[in-house]
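Everything on this sheet refers to the single structure shown next.
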Amino acid sequence: MAYFDNVPQAPADGILKLSVLSKADSNSSKVDLGVGAYRDDNGKPWVLPVVRKAEQQLAQDAGNHEYLGVGGLPALTNGAQKLIFGADSAALREQRVYSIQTISGTGANMVGAVFLKQFKQPADAAIYISKPTWGNHRNIFETAGHEVREYRYCDYATLGLDIDGMLSDLRAAPRGQIIVLHACAHNPTGIDPTAEQWAQIADVMQERAHFPFFDCAYQGFATGNVDRDAFAIRLFVERGFELFVCESFAKNMGLYGERTGCLHAVVASAARVPAVSSQMNRLSRATISTASAYGAKIAGTVLQDPELYGEWIENMELMSARIMDMRKQLRARLEKLGTPGDWSHVTSQIGMFSFTGLKLAQVERLRTEFHMYLTDDGRISVAGLNTRNIDYVAMAIDSVVRT
């Protein structure tokens with residue numbers, strides 16, 4: 001028997017499979033609504049102007065290509081701390097936060113997952129993910145050796161938040177479980193709790209001594225306001241939780257391929273930081289040795305330069321506003337066509353993605369008959385809509401819903 005004969009075929013990744021199908025389709029009417037990346041109104045990738053300026057600054061500096069320290073680039077990690085927790089955060093002032101640079105948000109999730117596998121309390125605590133959640137969450141936590149369970153999140157009848165089901169499941173979970181929470185712009189649904197609902201979630205998690213594991217991939221991109229998008233994280237920190245936050249700069253700076261992110265740990269006292277930081281550094285060293293420099297230098301430059309930071313906020317407001325406008329236009333067209341059903345969820349959801357409520361058979365018809373690509377669960381990337389294709393998309397959805 002050959003050495004690798006016992007290796008089974010892994011299940012196909014739904015997003016990657018969709019990307020392959022879309023790229024292979026040469027039809028002129030094709031619309032790719034699967035890609036999780038911002039596109040401009042011409043359907044093209046958009047390099048943020050502020051990123052271009054940061055790149056020009058870096059090109060003019062007499063820099064080098066030396067390794068970063070094991071914790072990453074301080075300009076990035078320090079700037080990311082202030083961004084996510086707020087410059088006036090008591091946790092920062094009390095030096096209760098430690099941050100390392102990671103391979104974007106995915107790397108942050110994995111380092112956090114491996115850390116918790118080794119040090120979680122109780123040792124048999126499970127990971128709870130929302131139903132549904134980002135397709136890679138289960139893969140990451142199971143690969144790290146955790147048992148993964150689900151809590152209710154989406155009300156599939158209204159395509160809104162099932163807050164009662166969520167709270168019930170969090171209450172029913174054994175004490176001390178690890179709860180994965182989307183800080184803003186929930187992927188794949190675009191359904192976010194209100195401020196009042198976040199307070200309810202925090203109440204239950206405190207009662208049950210659960211550990212919050214925040215995943216934040218869209219700060220500033222979701223609503224155009226970095227403080228509003230960080231509300232939930234800051235609320236939990238103010239409530240006194242110890243927690244992890246995974247942060248990505250893929251979406252809000254457009255640094256998709258640069259893989260730039262951070263993992264933040266908030267601990268109960270500054271006295272615990274040396275031990276926690278040593279273990280986070282050890283795990284990072286074991287997996288990536290040191291983080292990549294280029295994307296970190298871009299993001300760090302933007303975060304530390306007041307003028308560039310202000311321009312970055314404007315760039316995010318532009319992206320967020322375009323996506324909101326596409327939501328409004330899609331809903332208006334579906335309602336004008338009289339498409340069966342209630343389409344108010346298209347505008348009540350936020351962020352890059354919209355959970356349309358389309359069934360698998362309808363999604364398959366959209367692919368085969370209309371060359372329109374979205375995930376099997378009916379999620380569309382609103383960033384893939386533009387003024388050139390939105391009429392076609394609305395007509396196609398109307399057609400498959402009617403028949």
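Numbering starts fresh at 1 for the residues of each chain in the structure tokens, the chains themselves are lettered A, B, ... in the order given, and ligands are numbered from 1 as they appear.
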
* Asked: What's the 10 Å shell around Thr143 in chain A, counting only C-alpha atoms, without same-chain residues fewer than 6 positions away, as a PyMOL selection string?
  -> chain A and resi 110+113-114+137

Show me, as a tab-separated table, the residues of range 47-84 of chain A having an atom within 12 Å of range 204-221 of chain A, each with the closest atom pair and its distance in Å, using only C-alpha atoms.
residue	atom	partner	partner_atom	distance
A:Ala80	CA	A:Gln219	CA	10.8
A:Leu83	CA	A:Gln219	CA	8.8
A:Ile84	CA	A:Gln219	CA	8.0

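CA of Trp343 in chain A sits 28.7 Å away from CA of Asn315 in chain A.
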
* Near Phe85 in chain A, counting only C-alpha atoms, which residues have an atom at most 7 Å away, once you skip same-chain residues fewer than 4 positions from it, shown as a list in words? -> Gln81, Ser89 and Arg234 of chain A

Emit the selected residues as a compact mmCIF listing (two decimals), in the first residue's frame, including N, CA, C and O atoms.
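New file again05.txt:
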# COMPACT_ATOMS: atom_id res chain seq x y z
N GLN A 81 -5.41 48.00 18.05
CA GLN A 81 -6.00 48.02 19.39
C GLN A 81 -6.89 49.24 19.58
O GLN A 81 -8.03 49.13 20.05
N SER A 89 -10.22 53.38 25.77
CA SER A 89 -10.61 52.12 26.41
C SER A 89 -9.90 51.94 27.75
O SER A 89 -8.67 52.08 27.85
N ARG A 234 -16.87 46.60 22.37
CA ARG A 234 -16.62 47.56 23.45
C ARG A 234 -17.61 47.37 24.59
O ARG A 234 -17.25 47.54 25.76

Residues within 8 Å of range 256-271 of chain A, please, as a compact mmCIF listing (two decimals) with N, CA, C and O atoms, in the first residue's frame. Count only C-alpha atoms; anything in the same chain fewer than 4 positions from it doesn't count.
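File selection.txt, as written:
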# COMPACT_ATOMS: atom_id res chain seq x y z
N ALA A 37 -15.51 40.12 -1.89
CA ALA A 37 -14.57 41.23 -2.07
C ALA A 37 -15.32 42.41 -2.69
O ALA A 37 -16.22 42.21 -3.51
N THR A 77 -0.29 46.57 15.24
CA THR A 77 -0.98 46.03 16.41
C THR A 77 -1.45 47.12 17.37
O THR A 77 -2.56 47.04 17.91
N ALA A 80 -4.32 48.90 15.65
CA ALA A 80 -5.50 48.03 15.61
C ALA A 80 -6.18 47.98 16.97
O ALA A 80 -7.41 47.92 17.05
N GLN A 81 -5.41 48.00 18.05
CA GLN A 81 -6.00 48.02 19.39
C GLN A 81 -6.89 49.24 19.58
O GLN A 81 -8.03 49.13 20.05
N ALA A 91 -9.50 49.12 29.20
CA ALA A 91 -8.66 47.93 29.08
C ALA A 91 -7.28 48.28 28.54
O ALA A 91 -6.26 47.73 29.00
N GLU A 94 -5.38 50.28 31.25
CA GLU A 94 -4.95 49.41 32.34
C GLU A 94 -3.99 48.32 31.86
O GLU A 94 -3.60 47.45 32.65
N GLN A 95 -3.63 48.37 30.56
CA GLN A 95 -2.67 47.44 29.96
C GLN A 95 -3.11 45.99 30.12
O GLN A 95 -2.31 45.10 30.43
N ARG A 96 -4.41 45.77 29.84
CA ARG A 96 -4.99 44.42 29.93
C ARG A 96 -5.22 43.79 28.57
O ARG A 96 -5.92 42.78 28.45
N VAL A 97 -4.62 44.37 27.53
CA VAL A 97 -4.81 43.86 26.17
C VAL A 97 -3.47 43.46 25.58
O VAL A 97 -2.48 44.20 25.70
N TYR A 98 -3.43 42.29 24.96
CA TYR A 98 -2.24 41.90 24.20
C TYR A 98 -2.69 41.53 22.79
O TYR A 98 -3.72 40.85 22.62
N SER A 99 -1.90 41.95 21.80
CA SER A 99 -2.28 41.72 20.41
C SER A 99 -1.09 41.18 19.62
O SER A 99 0.04 41.63 19.82
N ILE A 100 -1.36 40.24 18.74
CA ILE A 100 -0.35 39.77 17.81
C ILE A 100 -0.87 39.91 16.39
O ILE A 100 -2.08 39.85 16.13
N GLN A 101 0.06 40.10 15.47
CA GLN A 101 -0.30 40.15 14.06
C GLN A 101 -0.51 38.73 13.55
O GLN A 101 0.21 37.80 13.93
N THR A 102 -1.52 38.57 12.70
CA THR A 102 -1.88 37.24 12.20
C THR A 102 -2.05 37.26 10.69
O THR A 102 -2.03 38.31 10.05
N ILE A 103 -2.22 36.07 10.13
CA ILE A 103 -2.50 35.94 8.70
C ILE A 103 -3.98 36.23 8.50
O ILE A 103 -4.82 35.33 8.41
N SER A 104 -4.29 37.52 8.50
CA SER A 104 -5.65 38.03 8.36
C SER A 104 -6.56 37.46 9.46
O SER A 104 -6.09 37.00 10.49
N GLY A 105 -7.87 37.51 9.22
CA GLY A 105 -8.81 37.05 10.23
C GLY A 105 -8.81 35.54 10.38
O GLY A 105 -9.02 35.02 11.48
N GLY A 107 -6.22 33.51 10.13
CA GLY A 107 -5.10 33.16 11.00
C GLY A 107 -5.38 33.51 12.44
O GLY A 107 -4.99 32.76 13.36
N ALA A 108 -6.06 34.62 12.68
CA ALA A 108 -6.42 35.00 14.04
C ALA A 108 -7.36 33.97 14.65
O ALA A 108 -7.21 33.56 15.81
N ASN A 109 -8.35 33.52 13.88
CA ASN A 109 -9.26 32.48 14.35
C ASN A 109 -8.49 31.20 14.70
O ASN A 109 -8.76 30.57 15.73
N VAL A 111 -5.18 30.76 15.45
CA VAL A 111 -4.32 30.91 16.63
C VAL A 111 -5.17 30.91 17.90
O VAL A 111 -4.83 30.27 18.90
N GLY A 112 -6.28 31.64 17.86
CA GLY A 112 -7.17 31.65 19.01
C GLY A 112 -7.75 30.27 19.30
O GLY A 112 -7.87 29.87 20.46
N VAL A 237 -16.30 44.44 26.62
CA VAL A 237 -15.11 44.82 27.38
C VAL A 237 -15.51 45.66 28.60
O VAL A 237 -15.02 45.46 29.72
N GLY A 240 -16.68 43.81 31.55
CA GLY A 240 -15.68 43.08 32.31
C GLY A 240 -15.34 41.70 31.80
O GLY A 240 -14.65 40.93 32.49
N PHE A 241 -15.80 41.35 30.59
CA PHE A 241 -15.49 40.04 30.03
C PHE A 241 -13.99 39.93 29.71
O PHE A 241 -13.37 40.89 29.23
N GLU A 242 -13.42 38.75 29.90
CA GLU A 242 -12.18 38.39 29.23
C GLU A 242 -12.62 37.81 27.88
O GLU A 242 -13.62 37.09 27.80
N LEU A 243 -11.85 38.08 26.84
CA LEU A 243 -12.31 37.66 25.51
C LEU A 243 -11.18 37.70 24.48
O LEU A 243 -10.11 38.25 24.73
N PHE A 244 -11.48 37.11 23.33
CA PHE A 244 -10.63 37.20 22.15
C PHE A 244 -11.36 38.02 21.09
O PHE A 244 -12.60 37.94 20.97
N VAL A 245 -10.59 38.77 20.29
CA VAL A 245 -11.13 39.43 19.11
C VAL A 245 -10.22 39.13 17.93
O VAL A 245 -9.01 39.38 17.99
N CYS A 246 -10.80 38.60 16.88
CA CYS A 246 -10.09 38.38 15.62
C CYS A 246 -10.41 39.56 14.70
O CYS A 246 -11.58 39.87 14.48
N GLU A 247 -9.38 40.19 14.16
CA GLU A 247 -9.57 41.40 13.35
C GLU A 247 -8.89 41.23 12.00
O GLU A 247 -7.74 40.79 11.93
N SER A 248 -9.59 41.60 10.95
CA SER A 248 -9.06 41.50 9.59
C SER A 248 -9.09 42.87 8.91
O SER A 248 -10.01 43.66 9.11
N PHE A 249 -8.07 43.13 8.10
CA PHE A 249 -8.02 44.35 7.29
C PHE A 249 -8.20 44.04 5.81
O PHE A 249 -7.87 44.86 4.95
N ALA A 250 -8.74 42.84 5.51
CA ALA A 250 -8.97 42.47 4.12
C ALA A 250 -10.05 43.34 3.49
O ALA A 250 -9.86 43.93 2.42
N LYS A 251 -11.21 43.43 4.15
CA LYS A 251 -12.34 44.13 3.57
C LYS A 251 -12.22 45.64 3.73
O LYS A 251 -12.40 46.39 2.77
N SER A 292 3.86 38.42 7.93
CA SER A 292 4.31 39.10 6.71
C SER A 292 4.31 40.61 6.92
O SER A 292 3.48 41.15 7.66
N TYR A 294 4.55 43.38 4.40
CA TYR A 294 4.10 44.43 3.48
C TYR A 294 2.72 44.96 3.82
O TYR A 294 2.52 46.18 3.97
N GLY A 295 1.73 44.08 3.95
CA GLY A 295 0.39 44.53 4.28
C GLY A 295 0.34 45.21 5.63
O GLY A 295 -0.39 46.20 5.82
N ALA A 296 1.15 44.70 6.58
CA ALA A 296 1.19 45.31 7.92
C ALA A 296 1.74 46.73 7.84
O ALA A 296 1.27 47.63 8.55
N ALA A 299 -1.11 48.95 6.39
CA ALA A 299 -2.16 49.21 7.39
C ALA A 299 -1.62 50.04 8.55
O ALA A 299 -2.28 50.96 9.03
